[in-house]
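S.K.: upload_33.tsv is reproduced below (TSV, C-alpha atoms and all ligand atoms).
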```
chain	number	residue	atom	x	y	z
A	37	MET	CA	-31.11	-26.35	-5.50
A	38	ASP	CA	-31.93	-23.70	-8.08
A	39	TYR	CA	-28.64	-21.94	-8.77
A	40	ARG	CA	-30.33	-19.48	-11.14
A	41	ASN	CA	-31.06	-17.53	-7.93
A	42	LEU	CA	-27.39	-17.23	-7.05
A	43	SER	CA	-24.55	-14.95	-8.21
A	44	VAL	CA	-20.98	-15.50	-7.12
A	45	ILE	CA	-19.15	-12.17	-6.87
A	46	ILE	CA	-15.40	-12.43	-7.32
A	47	PRO	CA	-13.19	-9.36	-6.78
A	48	THR	CA	-10.08	-9.65	-8.93
A	49	LEU	CA	-6.76	-7.97	-9.40
A	50	ASN	CA	-4.39	-9.89	-11.68
A	51	GLU	CA	-5.68	-13.41	-11.10
A	52	ASP	CA	-5.23	-14.85	-14.61
A	53	ALA	CA	-3.50	-17.98	-13.30
A	54	SER	CA	-6.55	-19.14	-11.36
A	55	ILE	CA	-9.66	-17.34	-12.60
A	56	ALA	CA	-10.41	-19.68	-15.53
A	57	SER	CA	-10.32	-22.79	-13.30
A	58	LEU	CA	-12.49	-21.13	-10.68
A	59	ILE	CA	-15.15	-19.96	-13.15
A	60	ARG	CA	-15.14	-23.36	-14.85
A	61	MET	CA	-15.59	-25.18	-11.51
A	62	LEU	CA	-18.51	-22.90	-10.59
A	63	LEU	CA	-20.26	-23.27	-13.97
A	64	ASP	CA	-19.71	-27.04	-14.08
A	65	ASN	CA	-20.76	-27.80	-10.49
A	66	TYR	CA	-23.69	-25.41	-10.07
A	67	PRO	CA	-25.99	-25.46	-13.12
A	68	CYS	CA	-27.20	-22.02	-14.27
A	69	ILE	CA	-25.19	-20.15	-11.61
A	70	ASN	CA	-24.22	-16.52	-12.33
A	71	VAL	CA	-20.69	-15.20	-11.93
A	72	ILE	CA	-19.76	-11.53	-11.50
A	73	ILE	CA	-16.10	-10.61	-11.83
A	74	ALA	CA	-15.47	-7.20	-10.21
A	75	ASP	CA	-12.09	-6.28	-11.61
A	76	ASP	CA	-10.02	-3.31	-10.56
A	77	GLY	CA	-7.99	-2.88	-13.74
A	78	SER	CA	-5.98	-6.08	-13.94
A	79	THR	CA	-3.03	-5.71	-16.29
A	80	ASP	CA	-2.74	-9.44	-16.97
A	81	SER	CA	-5.22	-11.63	-18.92
A	82	THR	CA	-7.94	-11.73	-16.25
A	83	ARG	CA	-10.30	-9.63	-18.36
A	84	ARG	CA	-9.76	-11.57	-21.59
A	85	ILE	CA	-10.30	-14.88	-19.81
A	86	ALA	CA	-13.46	-13.77	-17.97
A	87	GLU	CA	-14.96	-12.25	-21.11
A	88	SER	CA	-14.24	-15.36	-23.13
A	89	MET	CA	-16.17	-17.60	-20.74
A	90	ASN	CA	-19.86	-18.41	-21.08
A	91	GLY	CA	-21.04	-14.86	-22.01
A	92	LYS	CA	-24.50	-14.66	-20.45
A	93	LYS	CA	-23.58	-16.27	-17.17
A	94	VAL	CA	-20.31	-14.43	-16.56
A	95	VAL	CA	-20.50	-10.66	-16.14
A	96	PHE	CA	-17.28	-8.66	-16.13
A	97	ILE	CA	-17.29	-5.33	-14.27
A	98	ASP	CA	-14.46	-3.14	-15.48
A	99	ARG	CA	-13.44	-0.81	-12.64
A	100	SER	CA	-10.22	0.34	-14.27
A	101	SER	CA	-11.42	3.95	-14.55
A	102	SER	CA	-13.16	4.02	-11.16
A	103	PRO	CA	-12.15	6.94	-8.93
A	104	VAL	CA	-11.68	4.57	-5.95
A	105	HIS	CA	-9.97	1.22	-6.27
A	106	GLY	CA	-10.28	-1.42	-3.60
A	107	LEU	CA	-11.59	-4.83	-2.73
A	108	THR	CA	-14.54	-3.41	-0.75
A	109	ALA	CA	-15.51	-0.94	-3.52
A	110	SER	CA	-15.35	-3.79	-6.05
A	111	VAL	CA	-17.57	-6.09	-3.98
A	112	LEU	CA	-20.06	-3.23	-3.45
A	113	ASP	CA	-20.19	-2.74	-7.24
A	114	GLY	CA	-20.76	-6.48	-7.64
A	115	ILE	CA	-23.64	-6.39	-5.14
A	116	ALA	CA	-25.16	-3.38	-6.94
A	117	ALA	CA	-24.97	-5.26	-10.25
A	118	CYS	CA	-26.35	-8.53	-8.83
A	119	GLN	CA	-29.61	-9.55	-10.54
A	120	THR	CA	-30.32	-12.63	-8.45
A	121	LYS	CA	-31.99	-13.09	-5.05
A	122	TYR	CA	-28.78	-14.24	-3.37
A	123	PHE	CA	-25.05	-13.67	-3.77
A	124	ILE	CA	-21.87	-15.20	-2.42
A	125	VAL	CA	-18.55	-13.31	-2.35
A	126	MET	CA	-15.36	-15.33	-2.79
A	127	ASP	CA	-11.72	-14.74	-3.73
A	128	GLY	CA	-10.45	-15.40	-7.24
A	129	ASP	CA	-7.28	-17.23	-6.24
A	130	LEU	CA	-8.81	-20.61	-5.25
A	131	GLN	CA	-8.00	-20.11	-1.55
A	132	HIS	CA	-11.76	-20.33	-0.96
A	133	PRO	CA	-12.93	-23.84	-1.94
A	134	PRO	CA	-15.67	-23.69	-4.61
A	135	GLU	CA	-17.12	-26.93	-3.13
A	136	LYS	CA	-18.46	-24.86	-0.22
A	137	VAL	CA	-20.62	-22.64	-2.43
A	138	GLY	CA	-23.42	-25.24	-2.43
A	139	GLU	CA	-23.47	-25.46	1.37
A	140	ILE	CA	-23.55	-21.68	1.79
A	141	PHE	CA	-26.35	-21.38	-0.76
A	142	GLU	CA	-28.36	-24.11	0.99
A	143	ARG	CA	-28.28	-22.12	4.24
A	144	LEU	CA	-29.28	-18.92	2.42
A	145	ALA	CA	-32.19	-20.72	0.76
A	146	GLN	CA	-33.25	-21.95	4.23
A	147	GLY	CA	-33.68	-18.30	5.22
A	148	LYS	CA	-30.40	-17.44	6.97
A	149	LYS	CA	-29.78	-13.72	6.46
A	150	ILE	CA	-26.01	-13.94	6.24
A	151	VAL	CA	-23.86	-17.05	5.94
A	152	ILE	CA	-20.17	-16.71	6.76
A	153	ALA	CA	-17.65	-19.30	5.62
A	154	SER	CA	-15.40	-19.40	8.68
A	155	ARG	CA	-11.80	-20.54	8.50
A	156	GLU	CA	-11.37	-23.51	10.86
A	157	LYS	CA	-7.80	-23.91	9.64
A	158	VAL	CA	-5.42	-21.82	7.54
A	159	ASP	CA	-3.63	-24.22	5.23
A	160	SER	CA	-1.41	-21.45	3.98
A	161	GLU	CA	2.19	-20.28	3.99
A	162	TRP	CA	1.39	-17.33	6.25
A	163	GLY	CA	4.49	-15.96	8.02
A	164	VAL	CA	4.57	-14.42	11.50
A	165	LYS	CA	3.77	-10.93	10.16
A	166	ARG	CA	0.66	-12.04	8.30
A	167	MET	CA	-0.52	-14.13	11.27
A	168	ALA	CA	-0.07	-11.13	13.60
A	169	VAL	CA	-2.02	-8.85	11.21
A	170	SER	CA	-4.82	-11.36	10.80
A	171	TYR	CA	-5.24	-12.33	14.47
A	172	GLY	CA	-4.71	-8.72	15.61
A	173	ALA	CA	-7.37	-7.44	13.20
A	174	THR	CA	-9.81	-10.16	14.27
A	175	PHE	CA	-9.31	-9.35	17.95
A	176	LEU	CA	-9.76	-5.59	17.43
A	177	GLY	CA	-12.78	-6.31	15.23
A	178	TRP	CA	-14.35	-8.44	17.96
A	179	LEU	CA	-13.84	-5.57	20.41
A	180	ARG	CA	-15.41	-3.11	17.94
A	181	LEU	CA	-18.47	-5.35	17.72
A	182	LEU	CA	-18.47	-5.97	21.48
A	183	PRO	CA	-22.06	-5.22	22.44
A	184	ARG	CA	-23.01	-8.07	20.12
A	185	ASN	CA	-21.24	-11.34	20.75
A	186	TYR	CA	-19.14	-12.09	17.66
A	187	PHE	CA	-16.35	-13.95	19.44
A	188	SER	CA	-16.87	-17.30	17.73
A	189	CYS	CA	-17.24	-15.67	14.31
A	190	ASP	CA	-14.69	-15.29	11.49
A	191	ILE	CA	-15.49	-11.60	11.06
A	192	MET	CA	-12.50	-11.13	8.70
A	193	SER	CA	-13.70	-13.73	6.21
A	194	GLY	CA	-13.84	-12.79	2.54
A	195	PHE	CA	-16.14	-15.75	1.81
A	196	PHE	CA	-19.79	-15.13	2.70
A	197	GLY	CA	-23.29	-15.01	1.28
A	198	MET	CA	-26.37	-12.84	1.70
A	199	GLU	CA	-29.73	-11.99	0.24
A	200	ALA	CA	-28.95	-9.24	-2.26
A	201	SER	CA	-31.87	-6.87	-1.65
A	202	MET	CA	-31.39	-7.00	2.11
A	203	CYS	CA	-27.69	-6.33	1.72
A	204	ARG	CA	-28.37	-3.35	-0.57
A	205	GLN	CA	-30.71	-1.96	2.09
A	206	VAL	CA	-28.04	-2.32	4.80
A	207	ILE	CA	-25.54	-0.52	2.55
A	208	ALA	CA	-28.00	2.25	1.63
A	209	HIS	CA	-28.85	2.92	5.28
A	210	ASN	CA	-25.25	2.87	6.51
A	211	PRO	CA	-23.05	4.34	3.76
A	212	ALA	CA	-20.57	5.76	6.29
A	213	ALA	CA	-19.76	2.30	7.70
A	214	PHE	CA	-17.90	1.26	4.54
A	215	VAL	CA	-14.27	1.91	3.62
A	216	PRO	CA	-14.21	1.50	-0.19
A	217	GLU	CA	-10.43	1.17	-0.47
A	218	GLY	CA	-10.45	-1.43	2.34
A	219	TYR	CA	-10.19	-5.22	2.33
A	220	LYS	CA	-12.87	-6.22	4.85
A	221	VAL	CA	-16.32	-5.65	3.42
A	222	LEU	CA	-17.88	-8.35	5.63
A	223	PHE	CA	-16.68	-6.56	8.76
A	224	ASP	CA	-18.20	-3.29	7.51
A	225	LEU	CA	-21.51	-5.10	6.95
A	226	LEU	CA	-21.45	-6.78	10.37
A	227	LYS	CA	-21.15	-3.38	12.04
A	228	CYS	CA	-24.65	-2.68	10.73
A	229	MET	CA	-26.35	-6.04	11.34
A	230	PRO	CA	-27.89	-7.86	14.30
A	231	ARG	CA	-25.95	-10.92	15.55
A	232	GLU	CA	-28.85	-13.38	15.39
A	233	ASP	CA	-29.03	-13.15	11.62
A	234	ILE	CA	-25.71	-14.96	11.19
A	235	CYS	CA	-24.92	-18.57	10.45
A	236	GLN	CA	-21.47	-20.14	9.86
A	237	VAL	CA	-20.08	-22.86	7.63
A	238	LYS	CA	-16.56	-24.14	8.34
A	239	TYR	CA	-13.85	-24.45	5.70
A	240	VAL	CA	-10.09	-24.74	5.29
A	241	PHE	CA	-8.41	-21.63	3.81
A	242	GLY	CA	-6.15	-23.10	1.15
A	243	SER	CA	-2.67	-21.99	0.20
A	244	ARG	CA	-2.19	-19.59	-2.71
A	245	GLN	CA	-0.92	-21.71	-5.61
A	246	PHE	CA	-0.61	-18.87	-8.14
A	247	GLY	CA	0.19	-15.17	-8.05
A	248	ARG	CA	0.71	-13.09	-4.93
A	249	SER	CA	-1.42	-11.72	-2.09
A	250	LYS	CA	-2.26	-8.04	-2.60
A	251	LEU	CA	-2.61	-7.33	1.11
A	252	GLY	CA	-0.32	-4.46	2.10
A	253	ALA	CA	0.30	-1.78	4.74
A	254	ARG	CA	-2.35	0.53	3.24
A	255	HIS	CA	-4.98	-2.13	3.97
A	256	VAL	CA	-3.97	-2.13	7.63
A	257	ILE	CA	-4.60	1.64	7.64
A	258	SER	CA	-8.00	1.21	5.98
A	259	PHE	CA	-8.90	-1.40	8.58
A	260	VAL	CA	-8.09	1.04	11.40
A	261	LYS	CA	-10.38	3.53	9.61
A	262	SER	CA	-13.06	0.87	9.46
A	263	LEU	CA	-12.74	0.19	13.22
A	264	LEU	CA	-13.31	3.88	13.92
A	265	LYS	CA	-16.33	4.25	11.62
B	301	LIG	N1	-11.15	-5.74	-7.40
B	301	LIG	C1	-10.15	-5.88	-6.52
B	301	LIG	N2	-9.81	-7.10	-6.11
B	301	LIG	C2	-8.79	-7.22	-5.24
B	301	LIG	C3	-8.06	-6.12	-4.75
B	301	LIG	N3	-7.11	-6.57	-3.91
B	301	LIG	C4	-7.23	-7.91	-3.90
B	301	LIG	N4	-8.26	-8.30	-4.69
B	301	LIG	C5	-8.77	-9.65	-4.94
B	301	LIG	O1	-9.35	-10.09	-3.73
B	301	LIG	C6	-9.11	-11.47	-3.51
B	301	LIG	C7	-8.31	-11.65	-2.22
B	301	LIG	O2	-7.06	-11.02	-2.34
B	301	LIG	P1	-5.71	-11.66	-1.80
B	301	LIG	O3	-4.61	-10.75	-2.21
B	301	LIG	O4	-5.61	-13.07	-2.23
B	301	LIG	O5	-5.93	-11.58	-0.23
B	301	LIG	P2	-5.45	-12.66	0.86
B	301	LIG	O6	-5.99	-13.99	0.45
B	301	LIG	O7	-6.09	-12.15	2.13
B	301	LIG	O8	-3.97	-12.62	0.88
B	301	LIG	C8	-8.37	-11.95	-4.75
B	301	LIG	O9	-9.31	-12.45	-5.68
B	301	LIG	C9	-7.72	-10.67	-5.29
B	301	LIG	O10	-7.49	-10.70	-6.68
B	301	LIG	C10	-8.45	-4.81	-5.21
B	301	LIG	O11	-7.88	-3.78	-4.84
B	301	LIG	N5	-9.49	-4.76	-6.09
B	302	MG	MG	-5.78	-14.88	-1.37
```
Mind turning this structure into structure tokens?
Ligand SMILES: Nc1nc2c(ncn2[C@@H]2O[C@H](COP(=O)(O)OP(=O)(O)O)[C@@H](O)[C@H]2O)c(=O)[nH]1
Ligand SMILES: [Mg+2]
M.R.:
Amino acid sequence: MDYRNLSVIIPTLNEDASIASLIRMLLDNYPCINVIIADDGSTDSTRRIAESMNGKKVVFIDRSSSPVHGLTASVLDGIAACQTKYFIVMDGDLQHPPEKVGEIFERLAQGKKIVIASREKVDSEWGVKRMAVSYGATFLGWLRLLPRNYFSCDIMSGFFGMEASMCRQVIAHNPAAFVPEGYKVLFDLLKCMPREDICQVKYVFGSRQFGRSKLGARHVISFVKSLLK
């Protein structure tokens, strides 16, 4: 596999406890891979760490002075900055296993338009509230996408890959479908894409070993906005 054609886009907000290990794993396991850190103004050492790692292959996007902060806005900036044919989006907290990047890339290189890493198991310390939010959002999302059959799909996944130019076209033709301050950029993309273009790869969503989840009530509101768009 030629990983020069692949960029991994990682949205970050204060992930200095895990970002170095993640970048190192990606650079060590996938020769010549590109990494784009889309950071929303971390106040910890995330920036220093990312900028100190393998200069040419690790790009740091500083969104600290952006008018809109958010996971979706950060990923969209990462996609706009992507210089390779393909990209994969993954979290910076090691809950998405870097070992799966190769499998996702293989499917993209075979011609799949969008490859979703689907959670077959959540190996996490999620409480009742978080489970209710996650399953509730998935169910409402499935209903929103009803005319197309997405029922077996992890439409809330934050771990997925696409061909960059195609994705930029989808975004350019459907700007209103996206909620920049939201958390679910994949869902916004799926609203604009035909079902048959999708392929899934299973993985186990790991537990967060460092730092805290940033998911909050305002993200629930942005998801409701996204359902209505
Ligand atoms: N750029 C950016 N990244 C974010 C934001 N919120 C969360 N993230 C990052 O998105 C990824 C997933 O966030 P996380 O809080 O772990 O979500 P969870 O796994 O669903 O609980 C992590 O890499 C976070 O650092 C944000 O507002 N902006
Ligand atoms: Mg997480």
S.K.: Considering only C-alpha atoms, return as a list of chain:residue names whatever protein or nucleic-acid residues lie within 8 Å of region 140-157 of chain A, sequence-local ones (same chain, fewer than 3 positions apart) excluded.
M.R.: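 Residues near the query, excluding close chain neighbours: A:Met37, A:Leu42, A:Tyr122, A:Ile124, A:Lys136, A:Val137, A:Cys189, A:Asp190, A:Ser193, A:Phe195, A:Phe196, A:Gly197, A:Met198, A:Glu199, A:Asp233, A:Ile234, A:Cys235, A:Gln236, A:Val237, A:Lys238, A:Tyr239, A:Val240, A:Phe241.
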S.K.: Residues within 6 Å of ligand MG 302 (chain B), counting only C-alpha atoms and all ligand atoms: report them as a VMD selection string.
M.R.: chain A and resid 129 131 249
S.K.: List every residue of chain A that has an atom at most 7 Å from any atom of ligand LIG 301 (chain B), giving for each one its closest atom pair and the distance in Å to one decimal, counting all atoms listed in the file, sorted by chain and then by ascending residue number, as a Markdown table.
M.R.:
```
| residue | atom | partner | partner_atom | distance |
| --- | --- | --- | --- | --- |
| A:Ile46 | CA | B:LIG301 | O9 | 6.3 |
| A:Pro47 | CA | B:LIG301 | N2 | 4.1 |
| A:Thr48 | CA | B:LIG301 | O10 | 3.6 |
| A:Leu49 | CA | B:LIG301 | O10 | 3.9 |
| A:Asn50 | CA | B:LIG301 | O10 | 5.9 |
| A:Glu51 | CA | B:LIG301 | O10 | 5.5 |
| A:Ala74 | CA | B:LIG301 | N1 | 5.4 |
| A:Asp75 | CA | B:LIG301 | N1 | 4.3 |
| A:Asp76 | CA | B:LIG301 | N1 | 4.1 |
| A:His105 | CA | B:LIG301 | O11 | 5.6 |
| A:Gly106 | CA | B:LIG301 | O11 | 3.6 |
| A:Leu107 | CA | B:LIG301 | N5 | 4.0 |
| A:Ser110 | CA | B:LIG301 | N1 | 4.8 |
| A:Asp127 | CA | B:LIG301 | O9 | 3.9 |
| A:Gly128 | CA | B:LIG301 | O9 | 3.5 |
| A:Asp129 | CA | B:LIG301 | O9 | 5.2 |
| A:Gln131 | CA | B:LIG301 | O6 | 6.7 |
| A:Arg248 | CA | B:LIG301 | O3 | 6.4 |
| A:Ser249 | CA | B:LIG301 | O3 | 3.3 |
| A:Lys250 | CA | B:LIG301 | O3 | 3.6 |
| A:Leu251 | CA | B:LIG301 | O3 | 5.2 |
```
S.K.: Which of these residues is nearest to Phe96 (chain A), using only C-alpha atoms: A:Ala253, A:Ile72, A:Leu181, A:Cys228?
M.R.: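 Closest to Phe96 (chain A), using only C-alpha atoms: A:Ile72.
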S.K.: Using all atoms listed in the file, which residues sit within 12 Å of region 78-94 of chain A once same-chain residues fewer than 6 positions away are excluded, as a VMD selection string?
M.R.: chain A and resid 39 to 64 66 to 72 100 to 101 105 114 118 to 120 128 to 129 247
S.K.: By how many Å are CA of Asp38 (chain A) and CA of Asp224 (chain A) apart?
M.R.: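 Those two atoms sit 29.1 Å apart.
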S.K.: Could you jot down the CA of Gly218 (chain A) to CA of Ser258 (chain A) separation for me, Å, one decimal place?
M.R.: 5.1 Å
S.K.: Report, in Å with one decimal, the straight-line distance from CA of Ala208 (chain A) to CA of Met229 (chain A).
M.R.: 12.9 Å
S.K.: Hey, which of A:Lys121, A:Arg231, A:His209, A:His255 ends up closest to Ala173 (chain A)? Count all atoms listed in the file.
M.R.: A:His255
S.K.: Compare A:Trp162, A:Tyr186, A:Tyr171, A:Phe123 by their minimum atom-to-atom distance to Phe223 (chain A), counting all atoms listed in the file, and give me the closest one.
M.R.: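 With all atoms listed in the file as the atom set, the closest residue is A:Tyr186.
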S.K.: Considering all atoms listed in the file, return as number ranges by chain whatever protein or nucleic-acid residues lie within 12 Å of Ile257 (chain A), sequence-local ones (same chain, fewer than 3 positions apart) excluded.
M.R.: A: 169, 173, 215, 217-220, 251-254, 260-264
